[in-house]
>>> print(open('structure15.json').read())   # JSON, C-alpha atoms
[["chain", "number", "residue", "atom", "x", "y", "z"],
["A", 1, "MET", "CA", 4.23, 21.32, 6.94],
["A", 2, "SER", "CA", 7.64, 20.03, 5.86],
["A", 3, "ARG", "CA", 8.24, 20.12, 2.11],
["A", 4, "GLU", "CA", 10.92, 17.42, 2.52],
["A", 5, "PRO", "CA", 9.48, 13.91, 2.14],
["A", 6, "VAL", "CA", 9.84, 11.02, 4.54],
["A", 7, "VAL", "CA", 10.64, 7.46, 3.43],
["A", 8, "ALA", "CA", 9.17, 4.25, 4.85],
["A", 9, "VAL", "CA", 10.52, 0.74, 4.50],
["A", 10, "CYS", "CA", 7.92, -1.81, 5.61],
["A", 11, "THR", "CA", 9.36, -5.21, 6.40],
["A", 12, "ASN", "CA", 8.46, -8.63, 7.74],
["A", 13, "ARG", "CA", 12.06, -9.77, 7.38],
["A", 14, "SER", "CA", 15.09, -9.77, 9.63],
["A", 15, "PRO", "CA", 17.33, -6.70, 10.00],
["A", 16, "GLY", "CA", 20.00, -8.46, 7.96],
["A", 17, "GLU", "CA", 17.63, -9.07, 5.07],
["A", 18, "ALA", "CA", 16.60, -5.40, 4.98],
["A", 19, "ALA", "CA", 20.11, -4.07, 5.57],
["A", 20, "ALA", "CA", 21.08, -3.37, 1.94],
["A", 21, "ALA", "CA", 17.92, -1.36, 1.24],
["A", 22, "LEU", "CA", 18.33, 0.69, 4.41],
["A", 23, "ALA", "CA", 22.06, 1.23, 3.87],
["A", 24, "ALA", "CA", 21.41, 2.68, 0.42],
["A", 25, "LEU", "CA", 18.74, 4.99, 1.82],
["A", 26, "SER", "CA", 20.83, 6.11, 4.77],
["A", 27, "GLU", "CA", 23.66, 7.14, 2.43],
["A", 28, "GLN", "CA", 21.32, 9.73, 0.91],
["A", 29, "ALA", "CA", 18.48, 10.67, 3.27],
["A", 30, "PRO", "CA", 18.80, 12.16, 6.76],
["A", 31, "PRO", "CA", 18.05, 9.56, 9.44],
["A", 32, "GLU", "CA", 15.13, 11.57, 10.80],
["A", 33, "ARG", "CA", 13.41, 11.21, 7.39],
["A", 34, "ILE", "CA", 13.67, 7.38, 7.36],
["A", 35, "LEU", "CA", 11.13, 5.09, 9.01],
["A", 36, "VAL", "CA", 11.14, 1.32, 9.35],
["A", 37, "VAL", "CA", 7.77, -0.33, 9.98],
["A", 38, "THR", "CA", 7.93, -3.91, 11.20],
["A", 39, "SER", "CA", 5.02, -6.00, 9.97],
["A", 40, "GLY", "CA", 3.74, -8.92, 12.02],
["A", 41, "LEU", "CA", 7.08, -9.53, 13.73],
["A", 42, "THR", "CA", 7.63, -10.57, 17.31],
["A", 43, "ALA", "CA", 8.69, -7.97, 19.86],
["A", 44, "GLY", "CA", 12.17, -9.46, 19.85],
["A", 45, "ALA", "CA", 12.49, -9.24, 16.08],
["A", 46, "ALA", "CA", 11.20, -5.68, 16.13],
["A", 47, "GLU", "CA", 13.78, -4.80, 18.77],
["A", 48, "GLY", "CA", 16.47, -6.09, 16.41],
["A", 49, "HIS", "CA", 15.28, -3.56, 13.85],
["A", 50, "ARG", "CA", 15.40, -0.79, 16.45],
["A", 51, "ALA", "CA", 19.06, -1.59, 17.06],
["A", 52, "ALA", "CA", 19.91, -1.62, 13.34],
["A", 53, "ALA", "CA", 17.65, 1.00, 11.75],
["A", 54, "PRO", "CA", 19.08, 4.37, 10.71],
["A", 55, "GLY", "CA", 15.99, 6.21, 11.93],
["A", 56, "ALA", "CA", 12.67, 5.65, 13.68],
["A", 57, "VAL", "CA", 10.96, 2.26, 13.97],
["A", 58, "GLU", "CA", 7.21, 1.69, 14.26],
["A", 59, "GLU", "CA", 5.71, -1.71, 15.05],
["A", 60, "GLU", "CA", 2.60, -3.05, 13.35],
["A", 61, "ALA", "CA", 1.82, -6.22, 15.25],
["A", 62, "ARG", "CA", -0.73, -7.46, 12.70],
["A", 63, "PRO", "CA", 0.71, -9.01, 9.53],
["A", 64, "GLY", "CA", -0.09, -7.32, 6.25],
["A", 65, "LEU", "CA", 1.68, -4.86, 3.98],
["A", 66, "SER", "CA", -1.34, -2.55, 3.74],
["A", 67, "LEU", "CA", -1.54, -2.31, 7.53],
["A", 68, "ALA", "CA", 2.18, -1.52, 7.75],
["A", 69, "ARG", "CA", 1.86, 1.11, 5.05],
["A", 70, "ASN", "CA", -1.07, 2.69, 6.86],
["A", 71, "ARG", "CA", 1.02, 2.79, 10.04],
["A", 72, "ALA", "CA", 3.72, 4.65, 8.10],
["A", 73, "LEU", "CA", 1.09, 7.02, 6.71],
["A", 74, "GLU", "CA", -0.02, 8.00, 10.21],
["A", 75, "TRP", "CA", 3.59, 8.50, 11.28],
["A", 76, "ALA", "CA", 4.18, 10.77, 8.28],
["A", 77, "HIS", "CA", 1.07, 12.75, 9.19],
["A", 78, "ASP", "CA", 2.35, 13.14, 12.75],
["A", 79, "GLN", "CA", 5.65, 14.41, 11.32],
["A", 80, "ALA", "CA", 3.73, 17.02, 9.29],
["A", 81, "ALA", "CA", 5.35, 15.67, 6.11],
["A", 82, "ARG", "CA", 3.81, 16.67, 2.82],
["A", 83, "ALA", "CA", 4.88, 13.45, 1.05],
["A", 84, "LEU", "CA", 5.67, 9.87, 2.01],
["A", 85, "ALA", "CA", 7.74, 7.52, -0.14],
["A", 86, "TYR", "CA", 7.60, 3.75, 0.16],
["A", 87, "VAL", "CA", 10.62, 1.66, -0.81],
["A", 88, "ASP", "CA", 10.53, -2.14, -0.61],
["A", 89, "ASP", "CA", 12.88, -3.85, 1.80],
["A", 90, "ASP", "CA", 14.58, -5.56, -1.16],
["A", 91, "ALA", "CA", 14.89, -2.45, -3.33],
["A", 92, "ILE", "CA", 18.13, -0.44, -3.60],
["A", 93, "VAL", "CA", 17.69, 3.24, -4.41],
["A", 94, "ASP", "CA", 19.84, 4.57, -7.24],
["A", 95, "ALA", "CA", 22.42, 7.31, -6.72],
["A", 96, "GLY", "CA", 20.67, 10.67, -6.54],
["A", 97, "TRP", "CA", 17.29, 9.13, -5.69],
["A", 98, "TRP", "CA", 16.72, 11.19, -2.54],
["A", 99, "ASP", "CA", 17.65, 14.51, -4.16],
["A", 100, "ALA", "CA", 15.38, 13.69, -7.10],
["A", 101, "LEU", "CA", 12.51, 12.80, -4.76],
["A", 102, "CYS", "CA", 12.88, 16.06, -2.83],
["A", 103, "ARG", "CA", 13.16, 18.09, -6.02],
["A", 104, "ARG", "CA", 10.08, 16.49, -7.57],
["A", 105, "TRP", "CA", 7.87, 17.12, -4.55],
["A", 106, "ALA", "CA", 9.14, 20.70, -4.28],
["A", 107, "GLU", "CA", 8.29, 21.35, -7.94],
["A", 108, "VAL", "CA", 4.83, 19.80, -8.33],
["A", 109, "ASP", "CA", 1.60, 21.55, -7.45],
["A", 110, "ASP", "CA", -1.13, 20.19, -5.21],
["A", 111, "ARG", "CA", -2.83, 18.39, -8.09],
["A", 112, "VAL", "CA", -0.08, 15.74, -8.08],
["A", 113, "ALA", "CA", -0.68, 13.13, -5.37],
["A", 114, "VAL", "CA", 1.53, 10.25, -6.58],
["A", 115, "ILE", "CA", 5.09, 10.16, -7.93],
["A", 116, "GLY", "CA", 6.87, 6.94, -8.83],
["A", 117, "GLY", "CA", 9.79, 5.86, -10.93],
["A", 118, "PRO", "CA", 11.47, 2.95, -12.68],
["A", 119, "ILE", "CA", 12.17, -0.34, -10.95],
["A", 120, "ARG", "CA", 14.98, -2.24, -12.64],
["A", 121, "PRO", "CA", 16.31, -5.71, -11.82],
["A", 122, "GLN", "CA", 19.29, -6.60, -9.71],
["A", 123, "TRP", "CA", 19.60, -10.27, -10.55],
["A", 124, "SER", "CA", 20.88, -12.57, -7.81],
["A", 125, "VAL", "CA", 21.39, -15.25, -10.47],
["A", 126, "ALA", "CA", 21.32, -15.16, -14.25],
["A", 127, "PRO", "CA", 17.71, -14.86, -15.48],
["A", 128, "PRO", "CA", 16.26, -17.93, -17.21],
["A", 129, "SER", "CA", 16.22, -18.18, -20.99],
["A", 130, "TRP", "CA", 12.40, -18.20, -21.07],
["A", 131, "LEU", "CA", 12.11, -14.77, -19.44],
["A", 132, "SER", "CA", 10.87, -12.05, -21.81],
["A", 133, "THR", "CA", 9.95, -8.38, -21.53],
["A", 134, "PRO", "CA", 6.13, -8.81, -21.48],
["A", 135, "ILE", "CA", 6.22, -10.81, -18.25],
["A", 136, "LEU", "CA", 8.78, -8.68, -16.37],
["A", 137, "PRO", "CA", 6.03, -6.86, -14.38],
["A", 138, "THR", "CA", 5.48, -10.19, -12.58],
["A", 139, "LEU", "CA", 8.76, -9.37, -10.81],
["A", 140, "THR", "CA", 7.56, -5.84, -9.88],
["A", 141, "LEU", "CA", 9.76, -4.31, -12.55],
["A", 142, "LEU", "CA", 8.80, -1.12, -14.36],
["A", 143, "ASP", "CA", 10.44, 1.03, -17.01],
["A", 144, "LEU", "CA", 8.22, 3.46, -18.91],
["A", 145, "GLY", "CA", 11.04, 5.26, -20.68],
["A", 146, "ASP", "CA", 13.07, 8.42, -20.27],
["A", 147, "ASP", "CA", 10.29, 11.03, -20.27],
["A", 148, "ASP", "CA", 7.98, 12.39, -17.60],
["A", 149, "LEU", "CA", 4.54, 10.81, -17.91],
["A", 150, "LEU", "CA", 1.17, 11.62, -16.39],
["A", 151, "LEU", "CA", -0.50, 8.23, -16.00],
["A", 152, "ASP", "CA", -4.09, 7.12, -16.10],
["A", 153, "PRO", "CA", -4.15, 4.51, -13.30],
["A", 154, "ASP", "CA", -7.02, 2.68, -14.99],
["A", 155, "VAL", "CA", -4.46, 1.85, -17.68],
["A", 156, "THR", "CA", -1.00, 2.01, -16.07],
["A", 157, "THR", "CA", 0.21, 2.62, -12.52],
["A", 158, "VAL", "CA", 3.53, 3.12, -10.80],
["A", 159, "PHE", "CA", 4.52, 0.20, -8.58],
["A", 160, "GLY", "CA", 4.71, -0.05, -4.82],
["A", 161, "ALA", "CA", 8.42, -0.92, -4.60],
["A", 162, "ASN", "CA", 9.21, 2.70, -5.51],
["A", 163, "ILE", "CA", 6.29, 5.03, -4.99],
["A", 164, "SER", "CA", 5.48, 8.22, -3.09],
["A", 165, "PHE", "CA", 2.21, 9.86, -2.12],
["A", 166, "ALA", "CA", 1.01, 13.21, -0.90],
["A", 167, "VAL", "CA", 0.12, 12.45, 2.71],
["A", 168, "ALA", "CA", -3.11, 14.42, 3.14],
["A", 169, "PRO", "CA", -4.87, 13.18, -0.03],
["A", 170, "LEU", "CA", -3.85, 9.58, 0.67],
["A", 171, "ARG", "CA", -5.28, 9.79, 4.18],
["A", 172, "ASP", "CA", -8.45, 11.34, 2.79],
["A", 173, "VAL", "CA", -9.10, 8.31, 0.56],
["A", 174, "GLY", "CA", -8.51, 5.94, 3.48],
["A", 175, "GLY", "CA", -4.93, 4.87, 2.81],
["A", 176, "PHE", "CA", -4.46, 1.25, 1.75],
["A", 177, "ASP", "CA", -7.19, -1.37, 1.84],
["A", 178, "PRO", "CA", -6.09, -4.28, 4.11],
["A", 179, "ALA", "CA", -8.08, -6.67, 1.90],
["A", 180, "PHE", "CA", -5.26, -6.30, -0.62],
["A", 181, "GLY", "CA", -1.49, -6.62, -0.37],
["A", 182, "HIS", "CA", 0.74, -9.35, 1.04],
["A", 183, "ALA", "CA", -0.26, -10.54, 4.51],
["A", 184, "GLY", "CA", 1.52, -13.33, 6.34],
["A", 185, "GLY", "CA", 1.53, -16.26, 3.94],
["A", 186, "ARG", "CA", -1.01, -14.63, 1.62],
["A", 187, "LEU", "CA", 0.40, -13.48, -1.69],
["A", 188, "SER", "CA", -1.67, -10.56, -2.94],
["A", 189, "PHE", "CA", -1.29, -7.32, -4.85],
["A", 190, "SER", "CA", -3.07, -4.12, -5.94],
["A", 191, "GLU", "CA", -3.23, -2.11, -2.71],
["A", 192, "GLU", "CA", -1.18, 0.71, -4.23],
["A", 193, "ASP", "CA", -3.10, 0.44, -7.51],
["A", 194, "GLN", "CA", -6.34, 0.90, -5.61],
["A", 195, "ALA", "CA", -4.97, 3.97, -3.86],
["A", 196, "GLN", "CA", -3.85, 5.51, -7.15],
["A", 197, "ARG", "CA", -7.28, 4.96, -8.71],
["A", 198, "ALA", "CA", -9.03, 6.43, -5.68],
["A", 199, "LEU", "CA", -6.86, 9.54, -5.89],
["A", 200, "ALA", "CA", -7.36, 9.88, -9.64],
["A", 201, "GLY", "CA", -11.10, 9.61, -9.03],
["A", 202, "ARG", "CA", -10.83, 12.76, -6.93],
["A", 203, "GLY", "CA", -8.99, 14.64, -9.64],
["A", 204, "PHE", "CA", -5.40, 14.06, -8.52],
["A", 205, "ARG", "CA", -2.56, 13.18, -10.88],
["A", 206, "VAL", "CA", -0.08, 10.31, -11.00],
["A", 207, "LEU", "CA", 3.42, 11.20, -12.26],
["A", 208, "TYR", "CA", 6.12, 8.87, -13.56],
["A", 209, "ALA", "CA", 9.56, 10.44, -12.99],
["A", 210, "PRO", "CA", 12.28, 8.58, -14.94],
["A", 211, "GLU", "CA", 15.23, 9.73, -12.83],
["A", 212, "LEU", "CA", 13.66, 8.36, -9.64],
["A", 213, "GLY", "CA", 14.99, 4.82, -10.00],
["A", 214, "VAL", "CA", 15.59, 1.82, -7.79],
["A", 215, "HIS", "CA", 16.98, -1.65, -8.39],
["A", 216, "HIS", "CA", 14.85, -4.53, -7.14],
["A", 217, "VAL", "CA", 16.79, -7.55, -5.89],
["A", 218, "ILE", "CA", 15.39, -10.64, -7.64],
["A", 219, "PRO", "CA", 16.18, -13.87, -5.76],
["A", 220, "ALA", "CA", 16.49, -17.21, -7.50],
["A", 221, "SER", "CA", 13.26, -18.38, -5.86],
["A", 222, "ARG", "CA", 11.27, -15.92, -7.99],
["A", 223, "LEU", "CA", 12.85, -17.06, -11.24],
["A", 224, "THR", "CA", 10.99, -20.33, -11.60],
["A", 225, "ARG", "CA", 7.99, -21.03, -13.80],
["A", 226, "ARG", "CA", 5.99, -22.01, -10.73],
["A", 227, "ALA", "CA", 6.77, -18.71, -8.99],
["A", 228, "PHE", "CA", 5.72, -16.73, -12.05],
["A", 229, "MET", "CA", 2.43, -18.58, -12.35],
["A", 230, "ARG", "CA", 1.70, -18.24, -8.66],
["A", 231, "ARG", "CA", 2.45, -14.52, -8.54],
["A", 232, "ARG", "CA", 0.45, -13.75, -11.66],
["A", 233, "PHE", "CA", -2.52, -15.80, -10.45],
["A", 234, "ALA", "CA", -2.42, -13.82, -7.19],
["A", 235, "TYR", "CA", -2.30, -10.54, -9.12],
["A", 236, "GLY", "CA", -5.28, -11.62, -11.20],
["A", 237, "ARG", "CA", -7.18, -12.70, -8.09],
["A", 238, "ALA", "CA", -6.78, -9.20, -6.62],
["A", 239, "LEU", "CA", -7.76, -7.67, -9.97],
["A", 240, "GLY", "CA", -10.91, -9.76, -10.04],
["A", 241, "ALA", "CA", -11.76, -9.04, -6.42],
["A", 242, "ARG", "CA", -11.78, -5.31, -7.08],
["A", 243, "ARG", "CA", -13.76, -5.81, -10.32],
["A", 244, "GLY", "CA", -10.88, -4.50, -12.38],
["A", 245, "ARG", "CA", -11.60, -6.90, -15.25],
["A", 246, "SER", "CA", -14.84, -8.47, -16.42],
["A", 247, "ALA", "CA", -15.46, -12.20, -16.17],
["A", 248, "ALA", "CA", -16.23, -12.30, -19.89],
["A", 249, "ARG", "CA", -12.86, -10.81, -20.82],
["A", 250, "ALA", "CA", -11.03, -13.12, -18.41],
["A", 251, "LEU", "CA", -12.82, -16.16, -19.83],
["A", 252, "ARG", "CA", -11.84, -15.16, -23.37],
["A", 253, "GLN", "CA", -8.21, -14.77, -22.32],
["A", 254, "VAL", "CA", -8.15, -18.16, -20.58],
["A", 255, "ALA", "CA", -9.80, -19.79, -23.58],
["A", 256, "THR", "CA", -7.19, -18.40, -25.98],
["A", 257, "SER", "CA", -4.02, -18.20, -23.87],
["A", 258, "GLY", "CA", -4.32, -21.68, -22.33],
["A", 259, "PRO", "CA", -4.41, -23.56, -25.65],
["A", 260, "GLY", "CA", -2.00, -21.01, -27.11],
["A", 261, "ALA", "CA", 0.54, -21.92, -24.44],
["A", 262, "LEU", "CA", 0.30, -25.59, -25.46],
["A", 263, "VAL", "CA", 0.87, -24.65, -29.09],
["A", 264, "ALA", "CA", 3.96, -22.62, -28.12],
["A", 265, "LEU", "CA", 5.22, -25.56, -26.06],
["A", 266, "ALA", "CA", 4.77, -27.90, -29.03],
["A", 267, "ARG", "CA", 6.72, -25.45, -31.18],
["A", 268, "ARG", "CA", 9.51, -25.36, -28.57],
["A", 269, "ASP", "CA", 9.16, -21.62, -28.03],
["A", 270, "PRO", "CA", 9.75, -21.24, -24.28],
["A", 271, "LYS", "CA", 9.36, -17.47, -24.18],
["A", 272, "LEU", "CA", 6.01, -17.50, -25.97],
["A", 273, "PHE", "CA", 4.89, -20.46, -23.86],
["A", 274, "MET", "CA", 5.53, -18.53, -20.64],
["A", 275, "GLU", "CA", 3.92, -15.34, -21.94],
["A", 276, "ARG", "CA", 0.73, -17.22, -22.76],
["A", 277, "ALA", "CA", 0.82, -19.39, -19.63],
["A", 278, "VAL", "CA", 1.28, -16.35, -17.39],
["A", 279, "ARG", "CA", -1.60, -14.59, -19.15],
["A", 280, "ALA", "CA", -3.80, -17.63, -18.61],
["A", 281, "ALA", "CA", -2.82, -17.79, -14.93],
["A", 282, "GLU", "CA", -3.59, -14.10, -14.45],
["A", 283, "ASN", "CA", -7.04, -14.43, -15.98],
["A", 284, "GLY", "CA", -7.73, -17.60, -14.04],
["A", 285, "GLY", "CA", -6.96, -15.52, -10.97],
["A", 286, "VAL", "CA", -9.42, -12.86, -12.14],
["A", 287, "LEU", "CA", -12.18, -15.47, -12.28],
["A", 288, "ALA", "CA", -11.24, -16.79, -8.83],
["A", 289, "GLY", "CA", -11.21, -13.29, -7.37],
["A", 290, "ARG", "CA", -14.57, -12.37, -8.83],
["A", 291, "ALA", "CA", -16.07, -15.61, -7.52],
["A", 292, "ARG", "CA", -14.73, -14.97, -4.03],
["A", 293, "ARG", "CA", -16.23, -11.48, -3.92],
["A", 294, "GLY", "CA", -19.57, -12.86, -5.15]]
>>> encode(input="structure15.json", output="structure tokens")
Amino acid sequence: MSREPVVAVCTNRSPGEAAAALAALSEQAPPERILVVTSGLTAGAAEGHRAAAPGAVEEEARPGLSLARNRALEWAHDQAARALAYVDDDAIVDAGWWDALCRRWAEVDDRVAVIGGPIRPQWSVAPPSWLSTPILPTLTLLDLGDDDLLLDPDVTTVFGANISFAVAPLRDVGGFDPAFGHAGGRLSFSEEDQAQRALAGRGFRVLYAPELGVHHVIPASRLTRRAFMRRRFAYGRALGARRGRSAARALRQVATSGPGALVALARRDPKLFMERAVRAAENGGVLAGRARRG
């Protein structure tokens, strides 16, 4: 078994759109340790990735991030890799990321099955004035500070834009559930949260490593109120579908945050308005997700 990790970039975008993420990786990691998995693309589009990718390319014909991640997991198993990192196709690894990833996996014992790090913004445009720290996770941003942390995934998880797993334990819990995660036009979340909880349930640990950073490119299209509400509703829907929050709690949050948002709007406090509106949208999603699962 190789102690050196492999890195997968799963993408349903064109080679040009994934180029910056792959260029940053290829400056640090050997090409044989980098995998691109195309997700739901045509054969022609996948061939374009083969021509541009720094390393191997696997095709997952069916759309869905969880399916693409599971394809990468099987490839990593075939490579006899101990660990597999996932980096989003719009995330740029920081200088020293690869060395830090290798060092972390060489140091930890077999009780650690997940290592992730901070995800900071790379703004494509100036962020809006109503954006505040409490709603930054809507943009898949994470910063838990400068210290190593062992996380309880029932409380806090590391995020899928910058996450790595021990291959064998992840395969043992079934990888990623295709019922969750983005798929085609479906906006969904929580597939990596589910995996972290499953691993913790078997006694494995989740480690936050502060030096293992990436910068997530935030396009203008995600910096609208509508985009925030839509993404947080989708997150809540996945949370409700996996029974991660009770209907009673979600109802209380909707009942307080919805009217609270109107009060903040009347007071002309745009940051507080968005914080409360996003919270209401998330909990509305929880109720929708629980209803769908029955």
>>> residues_around(input="structure15.json", residues="stretch 139-141 of chain A", least_positions_apart="4", cutoff="9 Å", atoms="only C-alpha atoms", output="PyMOL selection string")
chain A and resi 118-121+135+159-161+215-216+218+222-223+228+231
>>> closest_residue(input="structure15.json", among="A:Leu41, A:Val167, A:Ala261, A:Ala200", to="A:Gly64", atoms="only C-alpha atoms")
A:Leu41
>>> residues_around(input="structure15.json", residues="A:Gly285", least_positions_apart="2", cutoff="9 Å", atoms="all atoms listed in the file", output="PyMOL selection string")
chain A and resi 232-240+250+280-283+287-290
>>> atom_distance(input="structure15.json", atom1="atom CA of A:Val7", atom2="atom CA of A:Leu84")
5.7 Å
>>> closest_residue(input="structure15.json", among="A:Ala220, A:Ala113, A:Asp172, A:Pro134", to="A:Gly203", atoms="only C-alpha atoms")
A:Ala113
>>> residues_around(input="structure15.json", residues="A:Arg71", least_positions_apart="3", cutoff="9 Å", atoms="only C-alpha atoms", output="list in words")
Val37, Glu58, Glu59, Glu60, Ser66, Leu67, Ala68, Glu74, Trp75 and Ala76 of chain A
>>> residues_near_point(input="structure15.json", point="(4.2, 19.5, 1.7)", cutoff="12 Å", atoms="all atoms listed in the file", output="PDB file with C-alpha atoms, keeping the file's coordinate frame")
ATOM      1  CA  MET A   1       4.230  21.320   6.940  1.00  0.00           C
ATOM      2  CA  SER A   2       7.640  20.030   5.860  1.00  0.00           C
ATOM      3  CA  ARG A   3       8.240  20.120   2.110  1.00  0.00           C
ATOM      4  CA  GLU A   4      10.920  17.420   2.520  1.00  0.00           C
ATOM      5  CA  PRO A   5       9.480  13.910   2.140  1.00  0.00           C
ATOM      6  CA  VAL A   6       9.840  11.020   4.540  1.00  0.00           C
ATOM      7  CA  ALA A  76       4.180  10.770   8.280  1.00  0.00           C
ATOM      8  CA  HIS A  77       1.070  12.750   9.190  1.00  0.00           C
ATOM      9  CA  GLN A  79       5.650  14.410  11.320  1.00  0.00           C
ATOM     10  CA  ALA A  80       3.730  17.020   9.290  1.00  0.00           C
ATOM     11  CA  ALA A  81       5.350  15.670   6.110  1.00  0.00           C
ATOM     12  CA  ARG A  82       3.810  16.670   2.820  1.00  0.00           C
ATOM     13  CA  ALA A  83       4.880  13.450   1.050  1.00  0.00           C
ATOM     14  CA  LEU A  84       5.670   9.870   2.010  1.00  0.00           C
ATOM     15  CA  CYS A 102      12.880  16.060  -2.830  1.00  0.00           C
ATOM     16  CA  ARG A 103      13.160  18.090  -6.020  1.00  0.00           C
ATOM     17  CA  ARG A 104      10.080  16.490  -7.570  1.00  0.00           C
ATOM     18  CA  TRP A 105       7.870  17.120  -4.550  1.00  0.00           C
ATOM     19  CA  ALA A 106       9.140  20.700  -4.280  1.00  0.00           C
ATOM     20  CA  GLU A 107       8.290  21.350  -7.940  1.00  0.00           C
ATOM     21  CA  VAL A 108       4.830  19.800  -8.330  1.00  0.00           C
ATOM     22  CA  ASP A 109       1.600  21.550  -7.450  1.00  0.00           C
ATOM     23  CA  ASP A 110      -1.130  20.190  -5.210  1.00  0.00           C
ATOM     24  CA  VAL A 112      -0.080  15.740  -8.080  1.00  0.00           C
ATOM     25  CA  ALA A 113      -0.680  13.130  -5.370  1.00  0.00           C
ATOM     26  CA  PHE A 165       2.210   9.860  -2.120  1.00  0.00           C
ATOM     27  CA  ALA A 166       1.010  13.210  -0.900  1.00  0.00           C
ATOM     28  CA  VAL A 167       0.120  12.450   2.710  1.00  0.00           C
ATOM     29  CA  ALA A 168      -3.110  14.420   3.140  1.00  0.00           C
ATOM     30  CA  PRO A 169      -4.870  13.180  -0.030  1.00  0.00           C
TER      31      PRO A 169
END
>>> atom_distance(input="structure15.json", atom1="atom CA of A:Ala24", atom2="atom CA of A:Val93")
6.1 Å
>>> atom_distance(input="structure15.json", atom1="atom CA of A:Glu27", atom2="atom CA of A:Val57")
17.8 Å
>>> closest_residue(input="structure15.json", among="A:Asn162, A:Trp123, A:Pro210, A:Ala198", to="A:Asp148", atoms="all atoms listed in the file")
A:Pro210
>>> closest_residue(input="structure15.json", among="A:Val9, A:Val125, A:Leu262, A:Ala95", to="A:Ser39", atoms="all atoms listed in the file")
A:Val9
>>> closest_residue(input="structure15.json", among="A:Asp99, A:Asp152, A:Asp147, A:Ala179", to="A:Pro63", atoms="only C-alpha atoms")
A:Ala179
>>> residues_around(input="structure15.json", residues="A:Val173", least_positions_apart="6", cutoff="9 Å", atoms="all atoms listed in the file", output="list in words")
Ala195, Ala198, Leu199 and Arg202 of chain A
>>> decode(input="structure15.json", residues="stretch 250-263 of chain A", atoms="N, CA and C atoms", output="compact mmCIF listing (two decimals), in the first residue's frame")
# COMPACT_ATOMS: atom_id res chain seq x y z
N ALA A 250 -36.95 22.51 13.45
CA ALA A 250 -37.02 23.28 12.21
C ALA A 250 -38.22 24.22 12.21
N LEU A 251 -39.35 23.75 12.71
CA LEU A 251 -40.54 24.60 12.79
C LEU A 251 -40.31 25.80 13.70
N ARG A 252 -39.65 25.58 14.83
CA ARG A 252 -39.35 26.69 15.74
C ARG A 252 -38.46 27.71 15.06
N GLN A 253 -37.46 27.22 14.31
CA GLN A 253 -36.54 28.15 13.64
C GLN A 253 -37.25 28.95 12.56
N VAL A 254 -38.12 28.30 11.79
CA VAL A 254 -38.88 29.01 10.76
C VAL A 254 -39.78 30.05 11.40
N ALA A 255 -40.42 29.67 12.51
CA ALA A 255 -41.36 30.56 13.17
C ALA A 255 -40.69 31.79 13.77
N THR A 256 -39.42 31.66 14.15
CA THR A 256 -38.71 32.81 14.72
C THR A 256 -37.90 33.56 13.68
N SER A 257 -37.20 32.82 12.81
CA SER A 257 -36.30 33.48 11.86
C SER A 257 -37.05 34.19 10.74
N GLY A 258 -38.18 33.63 10.30
CA GLY A 258 -38.95 34.29 9.24
C GLY A 258 -39.42 35.67 9.66
N PRO A 259 -40.19 35.78 10.74
CA PRO A 259 -40.59 37.12 11.21
C PRO A 259 -39.39 37.99 11.61
N GLY A 260 -38.35 37.34 12.17
CA GLY A 260 -37.16 38.09 12.55
C GLY A 260 -36.50 38.75 11.36
N ALA A 261 -36.53 38.07 10.22
CA ALA A 261 -35.96 38.65 9.00
C ALA A 261 -36.73 39.90 8.60
N LEU A 262 -38.05 39.87 8.74
CA LEU A 262 -38.86 41.05 8.38
C LEU A 262 -38.57 42.21 9.32
N VAL A 263 -38.36 41.91 10.59
CA VAL A 263 -38.00 42.97 11.54
C VAL A 263 -36.66 43.60 11.16
